[in-house]
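Take a look at the structure set out below.
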Amino acid sequence: SNPQQPTYIYPGVSIKAKFNGTKIIAKIHDYGDGSDARGNFYKIFIDGQIVIEQLKVSNGAFNYLLASGLSASDHTVEVMKITEGASGKSSFKGFIITGGSEALVSPDIASEKRIEFIGDSWTCGFGNLSQFSTGSASMAFSNYFAKNEDNYYTWGAITARTLGAQYHVTATSGRGLYRKNTGSMNNTLPKNYDNLFEDDPSVSWIHNNYHPDLISIHLGTNDLAQEESGQAYKLDDEAFKQTYINFIANLLSYHPCSNIIICFGNSKYDSFKLCELMCKISIDDEKEAE
């Protein structure tokens, strides 16, 4: 609603521009706590190259030096939020450019290919920078720890770059299709899909502003997580299947020309055979289409 200060929360959000100057600063207002554990981090690119792997931003409005000592010519800049919604919202308030003509210039043409990735922690990049992969030390930050997450190095981001496509992410750790990893059925991905700020329904995302060519859904892991507590927590197979079908129908109502890929939730599996269920969903969709 405020073009001078657009606000966002999901991982993978990028601000891109082209400018003529030798030094560039970003003005960001962040609403996270600024800590390694719960703060927001950004990755900074100049002329397509990473110049800052992890820029940690502080709570409040501050200016951040992105690059200096550049040649007095045209350059590209990208500021990418690499932490997810658990770190809170941010607002982008503009660039300060010095040297050269000190101005923005016409940006490069964006790719016409568009991919949206819908998912959970796998798609967010939860813990993908952790130095501990096995053993008790790996559980030291088993809850969300912002500095250990980098959405740029997720499978979705790598896929989009490889295909030369625009990269769009709708993902939250711990969420599922039918229920969360806590067993709660509140604020699942389908229920949050229309929200600009995850669990906040007060601001809606305008789907007509962005139609992906391809939508990848990687969900199901958190729906199954509760089953580790015993048979009493077994997932309702039919409810899960119908929720998936309804979600796909909703996606196609927004994006009728999109292709949809259903990915297997790869870290959980149980006796009702999720793979077979996914195949059944695809078959049912084909029958409905016919």
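Chain lettering (A, B, ...) mirrors the order of the structure tokens, residue numbering begins at 1 for each chain separately, and ligand numbering begins at 1 in order of display.
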Given only C-alpha atoms, how would the per-residue table for segment 11-125 of chain A near segment 169-190 of chain A read, listing every residue at most 6 Å away with its closest atom pair and distance in Å to one decimal, sorted by chain and number, as a Markdown table?
```
| residue | atom | partner | partner_atom | distance |
| --- | --- | --- | --- | --- |
| A:Glu116 | CA | A:Val169 | CA | 5.6 |
| A:Phe117 | CA | A:Val169 | CA | 4.9 |
| A:Ile118 | CA | A:Thr170 | CA | 4.8 |
| A:Gly119 | CA | A:Ala171 | CA | 4.5 |
| A:Asp120 | CA | A:Ser173 | CA | 4.5 |
| A:Ser121 | CA | A:Ser173 | CA | 3.9 |
| A:Cys124 | CA | A:Ala171 | CA | 6.0 |
```
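Residues surrounding Tyr153 of chain A within 10 Å are Ile82, Thr123, Cys124, Gly125, Asn128, Leu129, Ile158 and Thr159 of chain A [only C-alpha atoms; sequence separation below 5 positions excluded].
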Output N, CA, C and O atoms for every residue in that selection, as a PDB file, in the first residue's frame.
```pdb
ATOM      1  N   ILE A  82      17.113 -13.718   2.903  1.00  0.00           N
ATOM      2  CA  ILE A  82      17.408 -15.150   2.910  1.00  0.00           C
ATOM      3  C   ILE A  82      16.853 -15.864   4.134  1.00  0.00           C
ATOM      4  O   ILE A  82      17.028 -17.077   4.269  1.00  0.00           O
ATOM      5  N   THR A 123      11.873 -25.933   1.782  1.00  0.00           N
ATOM      6  CA  THR A 123      11.856 -24.862   0.781  1.00  0.00           C
ATOM      7  C   THR A 123      12.397 -23.557   1.349  1.00  0.00           C
ATOM      8  O   THR A 123      12.975 -22.754   0.615  1.00  0.00           O
ATOM      9  N   CYS A 124      12.229 -23.352   2.670  1.00  0.00           N
ATOM     10  CA  CYS A 124      12.787 -22.160   3.322  1.00  0.00           C
ATOM     11  C   CYS A 124      14.307 -22.228   3.430  1.00  0.00           C
ATOM     12  O   CYS A 124      14.996 -21.217   3.313  1.00  0.00           O
ATOM     13  N   GLY A 125      14.824 -23.442   3.685  1.00  0.00           N
ATOM     14  CA  GLY A 125      16.258 -23.609   3.928  1.00  0.00           C
ATOM     15  C   GLY A 125      16.596 -23.719   5.407  1.00  0.00           C
ATOM     16  O   GLY A 125      17.717 -23.407   5.819  1.00  0.00           O
ATOM     17  N   ASN A 128      20.087 -24.966   6.788  1.00  0.00           N
ATOM     18  CA  ASN A 128      20.972 -25.454   5.723  1.00  0.00           C
ATOM     19  C   ASN A 128      22.395 -24.904   5.809  1.00  0.00           C
ATOM     20  O   ASN A 128      23.267 -25.338   5.071  1.00  0.00           O
ATOM     21  N   LEU A 129      22.646 -23.945   6.715  1.00  0.00           N
ATOM     22  CA  LEU A 129      24.009 -23.466   6.926  1.00  0.00           C
ATOM     23  C   LEU A 129      24.631 -24.014   8.206  1.00  0.00           C
ATOM     24  O   LEU A 129      25.761 -23.668   8.549  1.00  0.00           O
ATOM     25  N   ILE A 158      18.086 -22.864  -6.375  1.00  0.00           N
ATOM     26  CA  ILE A 158      19.062 -23.434  -7.315  1.00  0.00           C
ATOM     27  C   ILE A 158      18.368 -23.834  -8.614  1.00  0.00           C
ATOM     28  O   ILE A 158      18.878 -23.605  -9.716  1.00  0.00           O
ATOM     29  N   THR A 159      17.175 -24.425  -8.495  1.00  0.00           N
ATOM     30  CA  THR A 159      16.405 -24.823  -9.675  1.00  0.00           C
ATOM     31  C   THR A 159      16.055 -23.615 -10.535  1.00  0.00           C
ATOM     32  O   THR A 159      16.239 -23.629 -11.765  1.00  0.00           O
TER      33      THR A 159
END
```
*Do a neighbour search on Gln5 of chain A at 6 Å with only C-alpha atoms, toss out local chain neighbours closer than 6 positions, and write the hits as a PyMOL selection string.*
chain A and resi 91-93
_Within 10 Å of Ile50 of chain A using only C-alpha atoms, minus same-chain residues under 5 positions, as a list in words_ = Lys43, Ile44, Phe45, Val77 and Glu78 of chain A
With a distance cut-off of 7 Å and only C-alpha atoms, select the neighbouring residues of segment 95-107 of chain A, excluding the residue or stretch itself and same-chain residues fewer than 2 positions from it, and output the selection as a short mmCIF file (atom, residue, chain, number, x, y, z; two decimals) with C-alpha atoms, in the first residue's frame.
```
data_model
loop_
_atom_site.label_atom_id
_atom_site.label_comp_id
_atom_site.auth_asym_id
_atom_site.auth_seq_id
_atom_site.Cartn_x
_atom_site.Cartn_y
_atom_site.Cartn_z
CA ALA A 17 17.96 -2.36 -9.66
CA LYS A 18 20.49 -0.94 -12.10
CA PHE A 19 22.41 2.21 -11.21
CA ASN A 20 25.29 4.42 -12.26
CA GLY A 21 27.64 5.13 -9.37
CA THR A 22 30.64 4.03 -7.34
CA LYS A 23 28.91 3.45 -4.01
CA ILE A 24 25.46 2.17 -3.05
CA ILE A 25 23.61 2.04 0.27
CA ALA A 26 20.28 0.36 1.05
CA LYS A 27 17.72 1.86 3.41
CA ALA A 72 31.88 5.09 -12.33
CA SER A 73 29.61 3.17 -14.69
CA ILE A 109 14.71 -7.12 -18.81
#
```
*Per DSSP on the backbone, what are the strand (DSSP E) residues of segment 82-269 of chain A, as number ranges by chain?*
A: 90-98, 103-105, 114-119, 166-171, 195-197, 200-204, 214-218, 259-263
Selection above as a file: C-alpha atoms, as an mmCIF file, in the first residue's frame:
```cif
data_model
loop_
_atom_site.group_PDB
_atom_site.id
_atom_site.type_symbol
_atom_site.label_atom_id
_atom_site.label_comp_id
_atom_site.auth_asym_id
_atom_site.auth_seq_id
_atom_site.Cartn_x
_atom_site.Cartn_y
_atom_site.Cartn_z
ATOM 1 C CA SER A 90 11.128 -5.893 6.638
ATOM 2 C CA SER A 91 10.456 -2.725 4.654
ATOM 3 C CA PHE A 92 12.633 -1.489 1.806
ATOM 4 C CA LYS A 93 12.949 2.325 1.730
ATOM 5 C CA GLY A 94 15.297 2.889 -1.199
ATOM 6 C CA PHE A 95 18.912 3.221 -2.316
ATOM 7 C CA ILE A 96 21.459 5.991 -1.789
ATOM 8 C CA ILE A 97 23.872 6.207 -4.742
ATOM 9 C CA THR A 98 27.070 8.261 -4.893
ATOM 10 C CA ALA A 103 21.074 7.694 -10.463
ATOM 11 C CA LEU A 104 19.072 4.601 -11.229
ATOM 12 C CA VAL A 105 19.022 3.614 -14.891
ATOM 13 C CA ARG A 114 8.248 -17.722 -13.570
ATOM 14 C CA ILE A 115 8.307 -20.474 -10.935
ATOM 15 C CA GLU A 116 6.558 -20.435 -7.565
ATOM 16 C CA PHE A 117 7.732 -22.814 -4.841
ATOM 17 C CA ILE A 118 5.209 -23.639 -2.096
ATOM 18 C CA GLY A 119 6.599 -25.540 0.853
ATOM 19 C CA GLN A 166 12.074 -15.672 -11.764
ATOM 20 C CA TYR A 167 11.970 -17.138 -8.253
ATOM 21 C CA HIS A 168 8.860 -16.818 -6.062
ATOM 22 C CA VAL A 169 8.514 -18.498 -2.642
ATOM 23 C CA THR A 170 5.528 -19.157 -0.400
ATOM 24 C CA ALA A 171 6.946 -21.291 2.402
ATOM 25 C CA ASN A 195 -2.025 -13.659 3.177
ATOM 26 C CA LEU A 196 0.792 -11.265 2.348
ATOM 27 C CA PHE A 197 2.219 -11.723 5.867
ATOM 28 C CA ASP A 200 -1.931 -12.203 9.264
ATOM 29 C CA PRO A 201 -5.121 -12.208 7.133
ATOM 30 C CA SER A 202 -5.521 -8.411 7.296
ATOM 31 C CA VAL A 203 -3.484 -7.855 4.095
ATOM 32 C CA SER A 204 -4.168 -10.005 1.035
ATOM 33 C CA LEU A 214 5.016 -23.497 -12.956
ATOM 34 C CA ILE A 215 4.014 -24.124 -9.329
ATOM 35 C CA SER A 216 5.962 -26.642 -7.260
ATOM 36 C CA ILE A 217 4.326 -27.945 -4.055
ATOM 37 C CA HIS A 218 6.594 -29.670 -1.530
ATOM 38 C CA ASN A 259 1.460 -26.268 -14.520
ATOM 39 C CA ILE A 260 1.650 -27.852 -11.054
ATOM 40 C CA ILE A 261 4.244 -30.307 -9.787
ATOM 41 C CA ILE A 262 3.472 -32.278 -6.617
ATOM 42 C CA CYS A 263 6.706 -33.172 -4.815
#
```
_Please determine, counting only C-alpha atoms, which residue among A:Trp122, A:Tyr254, A:Tyr8, A:Tyr144 has the shortest atom-to-atom distance to Gly156 of chain A._
A:Trp122
*Run DSSP on the backbone and give me the residues of segment 84-278 of chain A it puts in helix (DSSP H, G or I), as a ChimeraX atom specification.*
/A:85-87,121-124,136-139,146-148,151-153,155-163,189-192,207-209,221-229,231-233,237-254,274-278
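For the pair atom CA of Lys56 of chain A and atom CA of Ala146 of chain A, the interatomic distance is 9.7 Å.
Using only C-alpha atoms, the nearest neighbour of Asn250 of chain A within the list A:His207, A:Asn222, A:Val57, A:Glu238 is A:His207.
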*Determine, counting only C-alpha atoms, which protein, DNA and RNA residues have an atom within 10 Å of an atom of Asp236 of chain A; residues of the same chain fewer than 3 positions away are not included. Present the result as a ChimeraX atom specification.*
/A:178,223-224,233,239-241
*All residues 12 Å or closer to Ser35 of chain A, only C-alpha atoms, same chain fewer than 2 positions away omitted, as an MDAnalysis selection string*: chainID A and resid 30:33 37:41 55:59 87:88 145:147
*Give me, please, the distance in Å between atom CA of Glu198 of chain A and atom CA of Ala86 of chain A, quoted to one decimal.*
9.7 Å
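Here atom CA of Asn208 of chain A is placed at a distance of 23.6 Å from atom CA of Glu84 of chain A.
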